[in-house]
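query-v2.csv follows; it contains CSV, C-alpha atoms.
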```
chain,number,residue,atom,x,y,z
A,1,MET,CA,-3.0,12.2,-91.9
A,2,ASP,CA,0.0,14.3,-93.1
A,3,GLN,CA,2.3,12.1,-91.0
A,4,VAL,CA,0.9,8.9,-92.6
A,5,VAL,CA,1.2,10.3,-96.0
A,6,GLY,CA,4.8,11.5,-95.3
A,7,VAL,CA,6.1,8.1,-94.2
A,8,PRO,CA,6.4,6.6,-97.7
A,9,HIS,CA,8.3,9.7,-98.9
A,10,ILE,CA,10.7,9.4,-95.9
A,11,LEU,CA,11.2,5.7,-96.7
A,12,GLU,CA,11.8,6.6,-100.4
A,13,ASP,CA,14.4,9.1,-99.3
A,14,VAL,CA,16.0,6.5,-97.1
A,15,ASN,CA,16.1,4.1,-100.0
A,16,SER,CA,17.7,6.8,-102.2
A,17,LEU,CA,20.4,7.4,-99.6
A,18,VAL,CA,21.0,3.6,-99.3
A,19,GLY,CA,21.3,3.5,-103.1
A,20,ALA,CA,24.0,6.1,-103.1
A,21,LEU,CA,25.9,4.4,-100.4
A,22,PHE,CA,25.5,1.0,-102.1
A,23,LEU,CA,27.0,2.4,-105.3
A,24,LEU,CA,29.8,4.1,-103.4
A,25,SER,CA,30.6,0.8,-101.7
A,26,ALA,CA,31.1,-0.9,-105.0
A,27,VAL,CA,33.5,1.8,-106.2
A,28,VAL,CA,35.5,1.7,-102.9
A,29,LEU,CA,35.5,-2.1,-103.0
A,30,MET,CA,36.9,-1.9,-106.5
A,31,THR,CA,39.8,0.3,-105.3
A,32,ALA,CA,40.5,-1.1,-101.7
A,33,ARG,CA,44.1,-2.1,-101.3
A,34,GLN,CA,43.8,-4.5,-98.4
A,35,ALA,CA,42.0,-7.8,-98.0
A,36,GLN,CA,40.4,-6.9,-94.7
A,37,ALA,CA,39.1,-3.6,-96.1
A,38,VAL,CA,37.6,-5.5,-99.1
A,39,LEU,CA,35.8,-7.9,-96.7
A,40,ARG,CA,34.5,-5.1,-94.5
A,41,LEU,CA,33.2,-3.2,-97.6
A,42,PHE,CA,31.5,-6.4,-98.8
A,43,VAL,CA,29.8,-6.8,-95.5
A,44,ARG,CA,28.6,-3.2,-95.4
A,45,GLN,CA,27.4,-3.5,-99.0
A,46,SER,CA,25.4,-6.6,-98.1
A,47,VAL,CA,23.9,-4.8,-95.1
A,48,LEU,CA,22.9,-1.9,-97.4
A,49,LEU,CA,21.2,-4.4,-99.7
A,50,ALA,CA,19.3,-5.8,-96.7
A,51,VAL,CA,18.3,-2.3,-95.6
A,52,SER,CA,16.9,-1.6,-99.1
A,53,ALA,CA,14.9,-4.9,-99.0
A,54,PHE,CA,13.5,-4.0,-95.6
A,55,VAL,CA,12.5,-0.5,-96.7
A,56,LEU,CA,10.9,-1.7,-99.9
A,57,GLY,CA,9.2,-4.5,-98.0
A,58,TRP,CA,7.7,-1.9,-95.6
A,59,LEU,CA,6.6,0.3,-98.5
A,60,HIS,CA,5.0,-2.5,-100.4
A,61,HIS,CA,3.8,-4.5,-97.4
A,62,SER,CA,5.9,-7.4,-98.6
A,63,ALA,CA,6.9,-10.0,-96.1
A,64,GLU,CA,8.9,-11.7,-99.0
A,65,LEU,CA,11.3,-8.7,-99.2
A,66,MET,CA,11.7,-8.7,-95.5
A,67,ILE,CA,12.7,-12.4,-95.6
A,68,VAL,CA,15.2,-11.6,-98.5
A,69,GLY,CA,16.8,-9.0,-96.2
A,70,VAL,CA,17.1,-11.5,-93.4
A,71,ILE,CA,18.6,-14.1,-95.7
A,72,THR,CA,21.1,-11.6,-97.0
A,73,ILE,CA,22.3,-10.5,-93.6
A,74,VAL,CA,22.7,-14.1,-92.3
A,75,ALA,CA,24.5,-15.4,-95.5
A,76,LYS,CA,26.6,-12.4,-96.5
A,77,ALA,CA,27.1,-10.4,-93.4
A,78,VAL,CA,27.7,-13.3,-91.0
A,79,VAL,CA,28.3,-16.8,-92.5
A,80,ILE,CA,30.5,-16.0,-95.5
A,81,PRO,CA,32.7,-13.5,-93.6
A,82,GLN,CA,33.1,-16.0,-90.8
A,83,LEU,CA,34.1,-18.7,-93.3
A,84,LEU,CA,36.7,-16.4,-94.9
A,85,THR,CA,38.1,-15.1,-91.6
A,86,ARG,CA,38.4,-18.5,-89.9
A,87,THR,CA,39.9,-20.3,-92.9
A,88,LEU,CA,42.1,-17.5,-94.3
A,89,GLY,CA,42.8,-15.6,-91.1
A,90,PRO,CA,46.4,-14.5,-91.9
A,91,ASP,CA,45.5,-13.5,-95.4
A,92,ILE,CA,42.4,-11.6,-94.4
A,93,ARG,CA,44.2,-9.7,-91.6
A,94,SER,CA,47.3,-9.0,-93.8
A,95,ARG,CA,48.0,-5.3,-94.2
A,96,ARG,CA,50.0,-5.6,-97.4
A,97,GLU,CA,48.7,-4.0,-100.5
A,98,LEU,CA,46.8,-6.1,-103.0
A,99,GLU,CA,47.8,-6.2,-106.6
A,100,PHE,CA,45.7,-4.8,-109.5
A,101,VAL,CA,45.8,-5.3,-113.2
A,102,VAL,CA,44.8,-1.7,-113.8
A,103,ASN,CA,45.8,1.3,-111.6
A,104,THR,CA,43.3,3.1,-109.4
A,105,PRO,CA,42.8,6.4,-111.4
A,106,VAL,CA,42.1,4.4,-114.6
A,107,SER,CA,39.7,2.1,-112.7
A,108,LEU,CA,37.8,5.2,-111.3
A,109,LEU,CA,37.4,6.5,-114.9
A,110,ILE,CA,36.2,3.2,-116.1
A,111,ALA,CA,33.7,3.0,-113.1
A,112,LEU,CA,32.4,6.4,-114.1
A,113,GLY,CA,32.0,5.2,-117.7
A,114,ILE,CA,30.2,2.1,-116.4
A,115,THR,CA,27.8,4.3,-114.3
A,116,VAL,CA,26.9,6.5,-117.3
A,117,LEU,CA,26.5,3.4,-119.5
A,118,SER,CA,24.2,1.6,-117.0
A,119,TYR,CA,21.9,4.6,-116.6
A,120,PHE,CA,21.8,5.1,-120.4
A,121,PHE,CA,21.0,1.4,-120.8
A,122,VAL,CA,18.0,1.4,-118.4
A,123,ALA,CA,16.7,4.9,-119.2
A,124,PRO,CA,13.9,3.6,-121.5
A,125,VAL,CA,12.6,1.4,-118.7
A,126,LEU,CA,12.6,4.2,-116.1
A,127,THR,CA,10.0,6.4,-117.9
A,128,GLY,CA,7.0,6.6,-115.6
A,129,ALA,CA,8.5,4.1,-113.2
A,130,GLU,CA,8.0,4.2,-109.4
A,131,GLN,CA,10.7,5.9,-107.2
A,132,ASP,CA,12.1,2.6,-105.9
A,133,ILE,CA,12.7,1.3,-109.5
A,134,LEU,CA,14.2,4.6,-110.4
A,135,VAL,CA,16.8,4.1,-107.7
A,136,ASN,CA,17.3,0.3,-107.5
A,137,LEU,CA,17.4,-0.7,-111.1
A,138,PRO,CA,20.1,1.6,-112.4
A,139,VAL,CA,22.2,1.3,-109.2
A,140,GLY,CA,21.9,-2.4,-109.1
A,141,LEU,CA,23.0,-2.8,-112.8
A,142,ASP,CA,25.8,-0.3,-112.1
A,143,VAL,CA,27.1,-2.3,-109.1
A,144,LEU,CA,26.8,-5.5,-111.1
A,145,LEU,CA,28.9,-4.2,-113.9
A,146,ILE,CA,31.4,-2.6,-111.6
A,147,GLY,CA,31.6,-6.0,-109.8
A,148,VAL,CA,32.4,-7.7,-113.1
A,149,TYR,CA,35.1,-5.2,-113.8
A,150,THR,CA,36.5,-5.7,-110.2
A,151,LEU,CA,36.6,-9.4,-110.8
A,152,ALA,CA,38.6,-8.9,-113.9
A,153,VAL,CA,41.2,-6.5,-112.4
A,154,ARG,CA,41.8,-8.3,-109.1
A,155,ARG,CA,44.7,-10.8,-109.1
A,156,GLU,CA,44.0,-12.6,-105.8
A,157,ALA,CA,41.5,-15.2,-104.8
A,158,VAL,CA,39.8,-13.6,-101.8
A,159,PRO,CA,39.0,-10.2,-103.5
A,160,GLN,CA,37.9,-12.1,-106.6
A,161,MET,CA,35.4,-14.2,-104.5
A,162,LEU,CA,34.1,-11.0,-102.9
A,163,ALA,CA,33.8,-9.3,-106.3
A,164,LEU,CA,31.8,-12.3,-107.5
A,165,MET,CA,29.4,-11.9,-104.5
A,166,ALA,CA,29.2,-8.2,-105.1
A,167,ILE,CA,27.9,-9.0,-108.6
A,168,ASP,CA,25.2,-11.1,-106.9
A,169,ASN,CA,24.5,-8.1,-104.6
A,170,GLY,CA,24.0,-5.8,-107.6
A,171,ALA,CA,21.6,-8.3,-109.3
A,172,PHE,CA,19.5,-8.6,-106.2
A,173,TYR,CA,19.5,-4.9,-105.5
A,174,ALA,CA,17.9,-4.4,-108.9
A,175,GLY,CA,15.6,-7.4,-108.6
A,176,ILE,CA,14.0,-6.4,-105.3
A,177,ALA,CA,12.5,-3.3,-106.9
A,178,ILE,CA,11.0,-5.3,-109.8
A,179,THR,CA,9.3,-8.1,-108.0
A,180,THR,CA,7.9,-8.8,-104.5
A,181,SER,CA,6.6,-12.3,-105.2
A,182,SER,CA,7.6,-15.4,-103.3
A,183,ALA,CA,9.9,-16.3,-106.2
A,184,ILE,CA,12.4,-13.7,-104.9
A,185,ILE,CA,12.7,-15.7,-101.7
A,186,GLU,CA,13.4,-18.9,-103.5
A,187,LEU,CA,16.0,-17.1,-105.7
A,188,ALA,CA,17.6,-15.5,-102.7
A,189,ALA,CA,17.8,-18.6,-100.7
A,190,GLY,CA,19.1,-20.6,-103.6
A,191,LEU,CA,21.7,-18.1,-104.7
A,192,GLU,CA,23.0,-17.4,-101.2
A,193,GLY,CA,23.3,-21.1,-100.6
A,194,VAL,CA,25.2,-21.5,-103.8
A,195,MET,CA,27.5,-18.6,-102.8
A,196,VAL,CA,28.2,-20.2,-99.4
A,197,VAL,CA,29.0,-23.6,-101.0
A,198,LEU,CA,31.1,-21.8,-103.6
A,199,VAL,CA,33.2,-20.0,-101.0
A,200,SER,CA,33.6,-23.3,-99.0
A,201,ALA,CA,34.6,-25.2,-102.1
A,202,ILE,CA,37.2,-22.6,-103.1
A,203,LEU,CA,38.6,-22.5,-99.6
A,204,THR,CA,38.8,-26.3,-99.4
A,205,ARG,CA,40.5,-26.4,-102.8
A,206,THR,CA,43.0,-23.8,-101.6
A,207,LEU,CA,43.8,-25.9,-98.6
A,208,ALA,CA,44.1,-29.1,-100.7
A,209,GLN,CA,46.3,-27.6,-103.3
A,210,HIS,CA,48.5,-25.9,-100.6
A,211,VAL,CA,49.4,-22.8,-102.6
A,212,GLY,CA,52.4,-21.3,-100.9
A,213,THR,CA,51.6,-17.6,-101.5
A,214,THR,CA,49.3,-15.2,-99.7
A,215,GLU,CA,47.5,-14.5,-102.9
A,216,VAL,CA,45.1,-17.2,-101.8
A,217,GLY,CA,46.1,-17.5,-98.1
A,218,ALA,CA,49.1,-18.0,-96.0
A,219,LEU,CA,48.6,-21.8,-95.8
A,220,THR,CA,52.1,-23.3,-96.3
A,221,HIS,CA,52.4,-24.1,-92.6
A,222,LEU,CA,49.5,-26.6,-92.9
A,223,LYS,CA,51.5,-29.1,-95.0
A,224,GLU,CA,53.8,-31.2,-93.0
A,225,GLY,CA,57.3,-31.6,-94.2
A,226,GLU,CA,57.1,-28.6,-96.6
A,227,PRO,CA,60.0,-26.2,-96.3
A,228,GLU,CA,59.0,-22.6,-95.6
```
Structure translated into structure tokens:
Amino acid sequence: MDQVVGVPHILEDVNSLVGALFLLSAVVLMTARQAQAVLRLFVRQSVLLAVSAFVLGWLHHSAELMIVGVITIVAKAVVIPQLLTRTLGPDIRSRRELEFVVNTPVSLLIALGITVLSYFFVAPVLTGAEQDILVNLPVGLDVLLIGVYTLAVRREAVPQMLALMAIDNGAFYAGIAITTSSAIIELAAGLEGVMVVLVSAILTRTLAQHVGTTEVGALTHLKEGEPE
């Protein structure tokens, strides 16, 4: 009986650990200086989101959250990274340092301020809330806001796209603690589909416009007759 009672507490501890790593991934993604590192961090962040969905699905006996976890892994840990890697291979693999509008120390201070602000903002809602809401709601909001800031300070297309999808990750991380209804599946499938289409559209536009800088991909060689 003690083992059965202890399982939920263990899962709650696992979800708390995942929440800490999820928040850390947003901060490191904000400061990462290479495109490949940003992509890897996004994949790991998406996996952490899926793990939280699986844990909460187990705690609440919710098949819907399990499905959300599967959708997240397929779309954000497999499909989108493959699209980016295959289409922008040279840019993704480049080891040059990415450009920022704001330097790293200032960004870290701003991220700290965002964290404090997000916890202050949701504090009234957390009174008497369950453990998963205490973790997921403030962390999800924090990651969402840090993603917005990351989108604003990045100067290059690929990190901006990944920051946009990190915003989506933050929103879902908060959302899976609030509802376990079938609506969350429809929302997840719809938004992940939109994200895949958005990434595909941006990559297609990049190819069509033939931008000759690695800020959106080393694609100049694809246009015939264009001098290097």
Checklist entry - Using all atoms listed in the file, which of A:Glu64, A:Val102, A:Gly140, A:Leu117 sits nearest Leu48 in chain A? => result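 Smallest distance to Leu48 in chain A is found for A:Gly140.
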Checklist entry - Which residue out of A:Ala53, A:Ser118, A:Glu99, A:Leu164 has the minimum interatomic distance to Ile71 in chain A when all atoms listed in the file are used? => result A:Ala53
Checklist entry - Looking at A:Val14, A:Ile167, A:Val27, A:Leu108, which one is nearest to Phe54 in chain A, with distances taken over all atoms listed in the file? => result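 Ranked by minimum distance to Phe54 in chain A, first place goes to A:Val14.
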Sorted per-residue table, range 42-125 of chain A near range 148-163 of chain A, closest atoms and distance, 10 Å, all atoms listed in the file, as a tab-separated table:
```
residue	atom	partner	partner_atom	distance
A:Phe42	CA	A:Leu162	CA	6.7
A:Val43	CA	A:Leu162	CA	9.5
A:Lys76	CA	A:Leu162	CA	10.0
A:Ile80	CA	A:Leu162	CA	9.6
A:Pro81	CA	A:Leu162	CA	9.7
A:Leu84	CA	A:Val158	CA	8.1
A:Leu88	CA	A:Val158	CA	8.8
A:Asp91	CA	A:Val158	CA	8.6
A:Ile92	CA	A:Val158	CA	8.1
A:Leu98	CA	A:Glu156	CA	7.6
A:Glu99	CA	A:Arg155	CA	6.1
A:Phe100	CA	A:Arg154	CA	5.3
A:Val101	CA	A:Val153	CA	4.8
A:Val102	CA	A:Val153	CA	6.2
A:Asn103	CA	A:Val153	CA	9.1
A:Ser107	CA	A:Tyr149	CA	8.7
A:Ile110	CA	A:Tyr149	CA	8.8
A:Ala111	CA	A:Tyr149	CA	8.3
A:Ile114	CA	A:Tyr149	CA	9.2
```
Checklist entry - At what distance in Å, to one decimal, does CA of Leu145 in chain A lie from CA of Thr85 in chain A? => result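 If I compute the distance from CA of Thr85 in chain A to CA of Leu145 in chain A, I get 26.5 Å.
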Checklist entry - How many Å separate CA of Ala177 in chain A from CA of Gly57 in chain A? => result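 Separation of CA of Ala177 in chain A and CA of Gly57 in chain A: 9.6 Å.
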Next on the checklist: If we count all atoms listed in the file and set the cut-off at 10 Å, which residues sit around range 121-128 of chain A, ignoring sequence neighbours fewer than 6 positions away in its own chain? Please answer as JSON, numbers by chain.
Outcome noted: {"A": [115, 134, 135, 137, 138, 141]}
Item to check | Proximity to Thr31 in chain A - best of A:Thr104, A:Gln131, A:Gln82, A:Thr72, all atoms listed in the file | outcome: A:Thr104
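Put simply, CA of Ser46 in chain A is 13.3 Å away from CA of Ala174 in chain A.
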Checklist entry - Quick one: residues within 8 Å of Ala166 in chain A, all atoms listed in the file counted, chain neighbours fewer than 5 positions away excluded, as a list of chain:residue names? => result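 Listed by chain and then number, they are A:Ala26, A:Phe42, A:Gln45, A:Val143, A:Leu144, A:Gly147.
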Checklist entry - Ser25 in chain A: which residues within 7 Å, counting all atoms listed in the file, same-chain residues fewer than 4 positions away excluded, as a count of residues only? => result 4
Checklist entry - Which neighbours of Ile178 in chain A fall inside 9 Å, counting all atoms listed in the file, when residues of the same chain fewer than 2 positions from it are skipped, and could you give them as a ChimeraX atom specification? => result /A:132-133,136-137,174-176,180
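Nearest residue to Asp168 in chain A among A:Val116, A:Leu17, A:Leu49, A:Leu39 is A:Leu49, counting all atoms listed in the file.
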